[in-house]
Amino acid sequence: RKLLRVILDFQRPTNIIDNLRWLAGFNFYDIRTGSVDIEKLNKGQSDEDKLPDVPLLYDKYVEWGLISEKEKEGGSHKFIKLGLVYDTRDNESNPSKGIWTEALLMTAPRFLGNNDFACTRFSAIHRQYFSIIKKRLIFAYRLGYQGTLDGETPFYLYPLMMSSFSTATKSDGLGGAKTLRGILRNRVIGEDVAYANLEFRWKFFRTVLWKQNLYFALIGFSDVGQACRKISIDKSNIPEDINQDLFFGTSGESLHLSYGAGFRLALNENFIIAIDYGFAADGQDGSRGLYININNLF
């Protein structure tokens, strides 16, 4: 995948309710997808180290029509974004109390050139922070839901996680460093998805070093997500000799759970180095993952 993303978002106070802001923006995505370039990867490799040129899962989905001809190579999409944001955090990067809640609408209308895939998507995210022991122990949680309200969404846009402010270059999910730690990236996909993150943040050591405030913290977390509405697919073009049990689950959708622990090094309450190690509760979601990032997950 090749991704070009341009986001112009603006937030201003509503002047109606304290801490309530309106959001408006224009988002452009140019996404190009395709199969793996085996020739490029094998260039300069000895015969025993070369990768075999075999059909990948992407190739099979294209062959069977699960990924259509008009979406298999990606495309360009122009979104209008509208929303409301309610924010009472005492510190943006490292809150110990308050609420950060948002409701967003992103629409890719036909008059902007989104002819093949005009669609409208909705997202709601609620985050809240509690100071259990002042300056020592914080409990934080995030609840999120997003889904398709209208239109047809191409397969490569389903993992796009909507938010009023993106803290990552690639905001994909569910699964991975920014949504479900320990679960494979983009593992949970659906027309509608819901997710939750729970964290206890224990700041066990504080000091001043070279006139800079410094603290260390340990994190215990659990993440969970689920596809609430499945993407409809047509399996009629799959050859009869294909064992579909190898490609499609038969047990139905259920909760995808992960858990783990992390470490934080924070400088002046606004620069945070975050290290998390997560485990997937179900082997079909992956096994474990190590994540090193800047700032808290939420």
# chains A, B, ... in the order shown; residues from 1 in each chain; ligands from 1
$ residues_around --residues "region 191-201 of chain A" --least-positions-apart "5" --cutoff "8 Å" --atoms "only C-alpha atoms" --output "ChimeraX atom specification"
/A:136-148,158,174,179-180,217-231
$ closest_residue --among "A:Phe130, A:Phe165, A:Phe247, A:Phe298" --to "Lys60 (chain A)" --atoms "only C-alpha atoms"
A:Phe247
$ select_by_dssp --residues "region 33-232 of chain A" --states "alpha helix (DSSP H)" --output "list in words"
Ile38, Glu39, Lys40, Leu41, Asn42, Leu57, Tyr58, Asp59, Lys60, Tyr61, Val62, Glu63 and Trp64 of chain A
